[in-house]
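Structure data (CSV, C-alpha atoms) from data29.csv:
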```
chain,number,residue,atom,x,y,z
A,1,MET,CA,3.5,2.2,53.8
A,2,ASP,CA,5.6,5.3,53.3
A,3,ALA,CA,5.4,7.5,50.1
A,4,LEU,CA,8.4,5.8,48.6
A,5,ALA,CA,6.9,2.3,48.9
A,6,THR,CA,3.7,3.5,47.1
A,7,ALA,CA,5.4,5.5,44.4
A,8,LEU,CA,4.6,4.3,40.9
A,9,THR,CA,6.4,5.8,37.9
A,10,LEU,CA,5.0,4.9,34.5
A,11,THR,CA,5.9,5.9,31.0
A,12,VAL,CA,2.6,6.6,29.2
A,13,ASN,CA,2.7,7.6,25.5
A,14,GLY,CA,6.3,8.6,26.0
A,15,ASP,CA,5.7,10.7,29.1
A,16,ALA,CA,7.0,9.8,32.6
A,17,LEU,CA,4.0,10.1,34.9
A,18,ASN,CA,3.8,9.5,38.7
A,19,PHE,CA,1.0,7.7,40.4
A,20,GLU,CA,0.5,5.7,43.6
A,21,ARG,CA,0.3,2.0,44.0
A,22,PRO,CA,-1.8,0.0,43.7
A,23,LEU,CA,-3.0,0.9,40.3
A,24,THR,CA,-4.6,-1.3,37.6
A,25,VAL,CA,-4.9,-0.5,33.9
A,26,ALA,CA,-8.6,0.3,34.5
A,27,GLY,CA,-7.6,2.7,37.2
A,28,LEU,CA,-5.0,4.4,35.0
A,29,VAL,CA,-7.4,4.9,32.1
A,30,GLU,CA,-9.9,6.4,34.5
A,31,ARG,CA,-7.3,8.6,36.2
A,32,LEU,CA,-6.3,9.9,32.7
A,33,GLY,CA,-9.9,10.8,32.0
A,34,LEU,CA,-10.2,8.5,29.0
A,35,ASP,CA,-13.2,6.5,27.8
A,36,MET,CA,-12.2,2.9,28.2
A,37,ARG,CA,-14.5,1.9,25.3
A,38,LYS,CA,-12.6,4.0,22.8
A,39,VAL,CA,-9.0,3.2,23.5
A,40,ALA,CA,-6.6,0.3,23.3
A,41,VAL,CA,-3.7,-0.3,25.7
A,42,GLU,CA,-0.3,-1.9,25.2
A,43,LEU,CA,1.7,-2.7,28.2
A,44,ASN,CA,5.4,-3.3,27.7
A,45,ARG,CA,4.7,-4.1,24.1
A,46,GLU,CA,1.9,-6.6,24.8
A,47,ILE,CA,-1.8,-5.9,24.2
A,48,VAL,CA,-3.9,-5.7,27.3
A,49,PRO,CA,-7.3,-7.2,26.5
A,50,ARG,CA,-10.0,-4.8,27.6
A,51,SER,CA,-11.7,-7.5,29.7
A,52,THR,CA,-8.6,-7.7,31.9
A,53,TYR,CA,-8.0,-4.0,32.6
A,54,GLY,CA,-9.3,-4.3,36.2
A,55,ALA,CA,-7.0,-7.2,36.9
A,56,VAL,CA,-3.7,-6.0,35.5
A,57,ALA,CA,-1.7,-4.3,38.2
A,58,LEU,CA,1.0,-1.8,37.1
A,59,GLN,CA,4.6,-1.8,38.3
A,60,SER,CA,7.1,1.0,38.4
A,61,GLY,CA,9.0,1.2,35.1
A,62,ASP,CA,6.1,-0.1,33.0
A,63,VAL,CA,5.8,1.4,29.5
A,64,LEU,CA,2.3,1.9,28.2
A,65,GLU,CA,0.9,3.0,24.9
A,66,ILE,CA,-2.7,4.2,24.9
A,67,VAL,CA,-4.2,4.7,21.4
A,68,HIS,CA,-7.4,5.5,19.7
A,69,PHE,CA,-8.7,6.0,16.1
A,70,ILE,CA,-8.2,9.3,14.3
A,71,GLY,CA,-8.7,10.4,10.7
A,72,GLY,CA,-6.5,8.7,8.2
A,73,GLY,CA,-6.3,7.6,4.6
B,1,MET,CA,-33.2,-6.9,-19.1
B,2,ASP,CA,-33.9,-8.0,-15.6
B,3,GLY,CA,-33.9,-4.9,-13.4
B,4,ILE,CA,-33.4,-6.9,-10.2
B,5,MET,CA,-30.1,-8.4,-11.4
B,6,HIS,CA,-28.9,-4.9,-12.0
B,7,LEU,CA,-29.7,-3.7,-8.6
B,8,ASP,CA,-27.5,-6.2,-6.8
B,9,ASP,CA,-24.0,-5.3,-7.9
B,10,SER,CA,-22.3,-5.7,-4.5
B,11,TRP,CA,-18.7,-6.7,-4.1
B,12,HIS,CA,-17.2,-8.9,-1.5
B,13,VAL,CA,-14.1,-8.9,0.6
B,14,ALA,CA,-13.2,-11.3,3.4
B,15,GLY,CA,-16.7,-12.6,3.6
B,16,ARG,CA,-18.3,-9.1,3.9
B,17,SER,CA,-20.5,-7.6,1.3
B,18,PHE,CA,-20.6,-4.0,0.2
B,19,ALA,CA,-23.0,-2.1,-2.1
B,20,SER,CA,-20.9,1.0,-2.3
B,21,ARG,CA,-17.7,0.7,-4.4
B,22,LEU,CA,-16.3,3.9,-2.9
B,23,ILE,CA,-14.1,3.6,0.2
B,24,VAL,CA,-13.2,6.9,1.8
B,25,GLY,CA,-10.4,8.0,4.1
B,26,THR,CA,-11.1,10.1,7.2
B,27,GLY,CA,-7.9,12.1,7.2
B,28,LYS,CA,-7.1,15.7,6.3
B,29,TYR,CA,-10.6,17.2,6.9
B,30,LYS,CA,-10.7,20.6,8.5
B,31,ASP,CA,-12.9,19.3,11.3
B,32,LEU,CA,-14.9,16.2,12.4
B,33,PRO,CA,-18.3,17.6,11.5
B,34,THR,CA,-17.1,18.1,7.9
B,35,THR,CA,-15.6,14.6,7.9
B,36,ALA,CA,-19.0,13.2,9.0
B,37,ALA,CA,-21.0,15.2,6.4
B,38,ALA,CA,-18.7,14.3,3.5
B,39,ILE,CA,-18.6,10.6,4.3
B,40,ASP,CA,-22.3,10.5,4.6
B,41,ALA,CA,-22.6,12.2,1.2
B,42,SER,CA,-20.1,9.7,-0.4
B,43,GLY,CA,-22.4,6.8,0.4
B,44,ALA,CA,-19.3,4.8,1.5
B,45,GLU,CA,-19.8,1.9,3.8
B,46,MET,CA,-16.1,1.4,4.6
B,47,VAL,CA,-13.7,4.1,5.9
B,48,THR,CA,-10.0,4.0,6.6
B,49,VAL,CA,-8.8,5.2,10.0
B,50,ALA,CA,-5.4,5.7,11.6
B,51,VAL,CA,-4.3,4.5,15.1
B,52,ARG,CA,-2.5,7.1,17.2
B,53,ARG,CA,-1.6,7.9,20.8
B,54,VAL,CA,-4.4,9.6,22.7
B,55,ASN,CA,-3.6,13.2,23.7
B,56,LEU,CA,-3.2,12.9,27.5
B,57,SER,CA,-3.4,16.6,28.0
B,58,ASP,CA,-6.8,16.8,26.3
B,59,PRO,CA,-8.6,13.5,27.1
B,60,LYS,CA,-12.1,14.9,26.5
B,61,ALA,CA,-11.3,16.1,22.9
B,62,PRO,CA,-13.9,14.9,20.4
B,63,MET,CA,-13.1,11.6,18.9
B,64,LEU,CA,-13.6,10.3,15.4
B,65,GLN,CA,-15.8,7.5,16.6
B,66,ASP,CA,-18.3,10.1,17.9
B,67,PHE,CA,-18.7,11.5,14.4
B,68,VAL,CA,-18.1,8.5,12.2
B,69,PRO,CA,-19.7,5.7,14.2
B,70,PRO,CA,-18.2,2.2,13.8
B,71,SER,CA,-21.7,0.9,14.2
B,72,ARG,CA,-22.6,2.5,10.8
B,73,TYR,CA,-19.3,2.2,8.9
B,74,THR,CA,-16.8,-0.7,8.6
B,75,TYR,CA,-13.6,0.7,10.0
B,76,LEU,CA,-10.5,-0.2,8.0
B,77,PRO,CA,-7.5,0.6,10.3
B,78,ASN,CA,-4.4,1.5,8.5
B,79,THR,CA,-0.7,1.3,9.2
B,80,ALA,CA,0.2,4.8,8.0
B,81,GLY,CA,3.4,6.0,9.6
B,82,CYS,CA,4.7,2.5,10.1
B,83,PHE,CA,8.0,1.8,8.4
B,84,THR,CA,8.7,-1.7,9.6
B,85,ALA,CA,6.7,-5.0,9.8
B,86,ASP,CA,7.1,-4.9,13.6
B,87,ASP,CA,5.5,-1.4,13.8
B,88,ALA,CA,2.6,-2.5,11.5
B,89,VAL,CA,1.8,-5.6,13.5
B,90,ARG,CA,1.9,-3.6,16.8
B,91,THR,CA,-0.3,-0.9,15.4
B,92,LEU,CA,-2.9,-3.3,14.0
B,93,ARG,CA,-3.0,-5.4,17.1
B,94,LEU,CA,-3.9,-2.3,19.0
B,95,ALA,CA,-6.6,-1.5,16.4
B,96,ARG,CA,-8.0,-5.0,16.8
B,97,GLU,CA,-8.2,-4.5,20.5
B,98,ALA,CA,-9.7,-1.0,20.2
B,99,GLY,CA,-12.4,-2.2,17.8
B,100,GLY,CA,-12.3,-5.9,17.3
B,101,TRP,CA,-11.7,-5.7,13.6
B,102,ASN,CA,-9.6,-8.2,11.7
B,103,LEU,CA,-9.9,-6.4,8.4
B,104,VAL,CA,-7.0,-4.0,8.0
B,105,LYS,CA,-5.2,-1.9,5.4
B,106,LEU,CA,-1.5,-2.5,5.3
B,107,GLU,CA,0.6,0.3,4.0
B,108,VAL,CA,4.3,0.5,4.4
B,109,LEU,CA,5.7,3.6,2.7
B,110,GLY,CA,9.0,4.8,1.6
B,111,PRO,CA,10.2,8.3,2.5
B,112,PRO,CA,9.0,11.6,0.9
B,113,PRO,CA,8.8,12.9,-1.8
B,114,THR,CA,7.5,9.6,-3.3
B,115,LEU,CA,5.9,7.9,-0.3
B,116,TYR,CA,6.0,5.0,-2.7
B,117,PRO,CA,5.0,1.6,-1.3
B,118,ASP,CA,8.1,-0.1,0.2
B,119,MET,CA,7.4,-3.5,-1.2
B,120,PRO,CA,10.0,-5.6,0.6
B,121,ALA,CA,8.8,-4.2,3.9
B,122,THR,CA,5.2,-4.7,2.7
B,123,PHE,CA,5.7,-8.4,2.0
B,124,GLU,CA,7.3,-8.9,5.4
B,125,ALA,CA,4.5,-7.1,7.2
B,126,ALA,CA,1.8,-8.9,5.2
B,127,ALA,CA,3.3,-12.3,6.1
B,128,ALA,CA,3.4,-11.3,9.8
B,129,LEU,CA,-0.2,-10.0,9.8
B,130,ILE,CA,-1.6,-13.0,8.0
B,131,LYS,CA,0.1,-15.3,10.4
B,132,ASP,CA,-1.4,-13.3,13.3
B,133,GLY,CA,-5.0,-13.8,11.9
B,134,PHE,CA,-5.5,-10.5,10.2
B,135,GLU,CA,-7.4,-10.1,6.9
B,136,VAL,CA,-5.1,-7.8,4.9
B,137,MET,CA,-6.1,-5.4,2.3
B,138,VAL,CA,-2.7,-4.3,1.0
B,139,TYR,CA,-1.6,-1.0,-0.6
B,140,CYS,CA,1.1,-1.8,-3.2
B,141,SER,CA,2.9,-0.7,-6.2
B,142,ASP,CA,1.3,-1.1,-9.6
B,143,ASP,CA,3.4,-4.2,-10.3
B,144,PRO,CA,1.5,-7.2,-11.5
B,145,ILE,CA,4.1,-9.7,-10.2
B,146,ALA,CA,4.1,-8.1,-6.7
B,147,ALA,CA,0.3,-8.0,-6.7
B,148,LYS,CA,0.1,-11.7,-7.6
B,149,ARG,CA,2.5,-12.6,-4.9
B,150,LEU,CA,0.6,-10.7,-2.3
B,151,GLU,CA,-2.6,-12.5,-3.3
B,152,GLU,CA,-0.8,-15.9,-3.1
B,153,MET,CA,0.4,-15.0,0.4
B,154,GLY,CA,-3.2,-14.6,1.4
B,155,CYS,CA,-4.0,-10.9,1.2
B,156,VAL,CA,-7.8,-10.4,0.8
B,157,ALA,CA,-7.6,-7.4,-1.5
B,158,ILE,CA,-4.9,-5.8,-3.7
B,159,MET,CA,-4.7,-2.0,-3.7
B,160,PRO,CA,-2.3,-0.6,-6.2
B,161,LEU,CA,-1.7,3.1,-6.3
B,162,GLY,CA,-3.1,5.1,-9.2
B,163,ALA,CA,-0.6,7.8,-8.6
B,164,PRO,CA,1.5,9.1,-5.7
B,165,ILE,CA,-0.5,9.6,-2.5
B,166,GLY,CA,-2.2,13.0,-2.5
B,167,SER,CA,-1.0,13.9,-6.0
B,168,GLY,CA,-4.4,14.0,-7.5
B,169,LEU,CA,-2.9,12.9,-10.9
B,170,GLY,CA,-5.3,10.0,-11.6
B,171,VAL,CA,-4.4,6.6,-12.9
B,172,GLN,CA,-0.9,7.0,-14.4
B,173,ASN,CA,-0.4,3.5,-15.5
B,174,PRO,CA,-3.7,2.0,-16.7
B,175,LEU,CA,-2.1,-0.9,-18.5
B,176,MET,CA,-0.5,-2.2,-15.3
B,177,ILE,CA,-3.7,-1.7,-13.3
B,178,GLN,CA,-5.6,-3.6,-16.0
B,179,MET,CA,-3.0,-6.4,-15.9
B,180,ILE,CA,-3.3,-6.7,-12.1
B,181,ILE,CA,-7.1,-6.8,-12.4
B,182,GLU,CA,-7.1,-9.5,-15.1
B,183,ASN,CA,-4.7,-11.7,-13.1
B,184,ALA,CA,-6.4,-11.3,-9.7
B,185,LYS,CA,-8.8,-13.6,-8.0
B,186,VAL,CA,-9.3,-11.2,-5.1
B,187,PRO,CA,-10.7,-7.7,-5.3
B,188,VAL,CA,-8.5,-5.0,-6.8
B,189,LEU,CA,-8.9,-1.4,-5.6
B,190,VAL,CA,-7.2,1.7,-6.9
B,191,ASP,CA,-5.9,3.4,-3.7
B,192,ALA,CA,-4.2,6.8,-3.9
B,193,GLY,CA,-3.9,9.3,-6.8
B,194,VAL,CA,-7.5,10.2,-7.5
B,195,GLY,CA,-7.9,13.9,-8.1
B,196,THR,CA,-11.4,14.4,-9.2
B,197,ALA,CA,-14.5,12.4,-10.2
B,198,TYR,CA,-13.4,11.3,-13.6
B,199,ASP,CA,-10.3,9.7,-12.2
B,200,ALA,CA,-12.5,7.5,-10.1
B,201,THR,CA,-14.7,6.8,-13.1
B,202,PHE,CA,-11.6,5.9,-15.2
B,203,ALA,CA,-10.4,3.5,-12.5
B,204,MET,CA,-13.7,1.8,-12.3
B,205,GLU,CA,-14.0,1.6,-16.1
B,206,LEU,CA,-10.7,-0.4,-16.0
B,207,GLY,CA,-12.6,-3.0,-14.0
B,208,CYS,CA,-11.5,-2.2,-10.4
B,209,ASP,CA,-13.8,-3.6,-7.7
B,210,ALA,CA,-13.7,-0.3,-5.8
B,211,VAL,CA,-11.8,2.9,-5.4
B,212,LEU,CA,-10.3,4.5,-2.3
B,213,VAL,CA,-10.3,8.3,-2.0
B,214,ASN,CA,-9.2,10.6,0.7
B,215,SER,CA,-7.4,13.8,-0.2
B,216,ALA,CA,-9.5,14.5,-3.3
B,217,ILE,CA,-12.6,14.8,-1.1
B,218,ALA,CA,-11.1,16.1,2.1
B,219,LEU,CA,-9.1,18.9,0.5
B,220,ALA,CA,-11.7,20.0,-2.1
B,221,ASP,CA,-13.2,23.5,-1.7
B,222,ASP,CA,-16.5,21.8,-0.9
B,223,PRO,CA,-15.8,18.3,0.5
B,224,VAL,CA,-19.5,17.4,0.7
B,225,LEU,CA,-20.1,18.3,-2.9
B,226,MET,CA,-16.9,16.4,-4.0
B,227,ALA,CA,-18.0,13.4,-2.0
B,228,ARG,CA,-21.3,13.4,-4.1
B,229,ALA,CA,-19.2,13.7,-7.3
B,230,MET,CA,-17.0,10.8,-6.3
B,231,LYS,CA,-20.0,8.7,-5.6
B,232,ALA,CA,-21.5,9.5,-9.0
B,233,GLY,CA,-18.1,9.0,-10.7
B,234,VAL,CA,-17.6,5.6,-9.2
B,235,GLU,CA,-21.1,4.5,-10.1
B,236,ALA,CA,-20.8,5.8,-13.7
B,237,GLY,CA,-17.5,4.0,-14.2
B,238,ARG,CA,-18.8,0.8,-12.8
B,239,LEU,CA,-21.9,0.9,-15.0
B,240,ALA,CA,-19.8,1.7,-18.0
B,241,PHE,CA,-17.5,-1.2,-17.3
B,242,ARG,CA,-20.4,-3.6,-16.9
B,243,ALA,CA,-22.1,-2.2,-20.1
B,244,GLY,CA,-19.0,-2.9,-22.2
B,245,ARG,CA,-17.6,0.1,-24.1
B,246,ILE,CA,-17.5,0.3,-27.9
B,247,PRO,CA,-14.1,-0.3,-29.5
B,248,ARG,CA,-11.9,2.6,-30.2
B,249,ARG,CA,-11.7,3.2,-33.9
B,250,GLY,CA,-9.5,5.4,-36.0
B,251,SER,CA,-12.3,6.5,-38.4
B,252,ALA,CA,-15.7,8.2,-38.3
B,253,HIS,CA,-18.9,6.1,-38.4
B,254,ALA,CA,-22.2,8.0,-38.9
B,255,SER,CA,-24.8,7.7,-36.2
B,256,SER,CA,-27.7,8.3,-38.5
B,257,PRO,CA,-28.6,5.9,-41.4
B,258,MET,CA,-27.3,7.0,-44.8
B,259,THR,CA,-30.3,5.2,-46.5
B,260,GLY,CA,-33.9,6.6,-47.0
B,261,LEU,CA,-32.8,10.1,-47.5
B,262,ILE,CA,-35.2,12.5,-49.3
B,263,ARG,CA,-34.4,13.3,-52.9
```

Turn this file's structure into structure tokens for me.
Amino acid sequence: MDALATALTLTVNGDALNFERPLTVAGLVERLGLDMRKVAVELNREIVPRSTYGAVALQSGDVLEIVHFIGGG
Amino acid sequence: MDGIMHLDDSWHVAGRSFASRLIVGTGKYKDLPTTAAAIDASGAEMVTVAVRRVNLSDPKAPMLQDFVPPSRYTYLPNTAGCFTADDAVRTLRLAREAGGWNLVKLEVLGPPPTLYPDMPATFEAAAALIKDGFEVMVYCSDDPIAAKRLEEMGCVAIMPLGAPIGSGLGVQNPLMIQMIIENAKVPVLVDAGVGTAYDATFAMELGCDAVLVNSAIALADDPVLMARAMKAGVEAGRLAFRAGRIPRRGSAHASSPMTGLIR
């Protein structure tokens, strides 16, 4: 496959980021350097259950939110 | 009196039991070690937390969970910053996935300078969350009718404000808080407005089940010391409520007998 065929553009927490296909949610979390046990992921406004991270393949144009807990009142 | 009976004064929400009647927020502290130390000193078993985007440019930054472990404290994820029912539901679904907690704090606020609870939006979000299987502890106005309606909808705890968030003014409308307590079949907590220990004592003397404090501890000169003060204040108020205070009277009544005096 040429570079164009493997290009994967995602919007993660509002930022456009470039990766290469194939990439799963688990792969993305790892690439971003995050601890999978401490975050939650929403893909195109749907929750991705942690147990399925390795099975969900990402497509160009996907919009993700990756969150964690911070201090709050 | 039976000492054992006095030892068990726990309160219950959504099938969970808590000995501490002080819930603390984890926001506004100068750093995470201070957060951890103050919360430890407060004796709280339940802490409120917010849900936010991770900082992708600093993925290894210390996380709240490393300092305030969810294995020790019951996390109560909030909806701070959500202005619509849709935002609140999305946020808490993420919180549920991050930690597996169904127990949540719903707050939908109006704009500054009041940050007053937006009750129409709160009702809408509460309905959506309850339908989605959440157990909702709800921040609300000190309005007995609104509080009753939230309870009837299925909210598991009613949390009227004592005063505007972060104002430190104490309970401004004790009559309404008392009416809410008297009419409620679920726990009532004063959330927001506590400035110092006696504000928490006063709220507990009114008969609240618990008090939620964040700014008053986090922004005190010595947060750890203030956390201890709040713990003592909540306990004093609870004991005084259970003990039953004397009636207020408009005249003096001597404490020493006026008979048997020497002549």

Test item: residues at most 7 Å from region 126-143 of chain B, only C-alpha atoms, excluding those fewer than 6 positions along its chain, as an NGL selection string: :B and (14 or 89 or 102-107 or 117 or 119 or 153-161 or 176-177 or 191)

Could you work out which residues of chain B fall inside 7 Å of chain A? Count all atoms listed in the file, and format the result as number ranges by chain. B: 25-27, 48-54, 56, 59, 64, 94, 97-98, 214

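Residues within 10 Å of Ala57 (chain A), counting all atoms listed in the file and excluding same-chain residues fewer than 4 positions away, are Arg21, Pro22, Leu23, Thr24, Val25, Ala26, Gly27, Leu28, Thr52 and Tyr53 of chain A.
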
Could you list, as a ChimeraX atom specification, every residue within 10 Å of Ala229 (chain B), counting only C-alpha atoms and ignoring same-chain residues fewer than 2 positions away? /B:41-42,196-198,200,217,223-227,231-235

Selected residue of minimal separation from Glu124 (chain B) among B:Ala88, B:Val13, B:Met63, B:Ala95, counting all atoms listed in the file: B:Ala88

CA of Ala192 (chain B) and CA of Ser215 (chain B), how far apart in Å? 8.5 Å
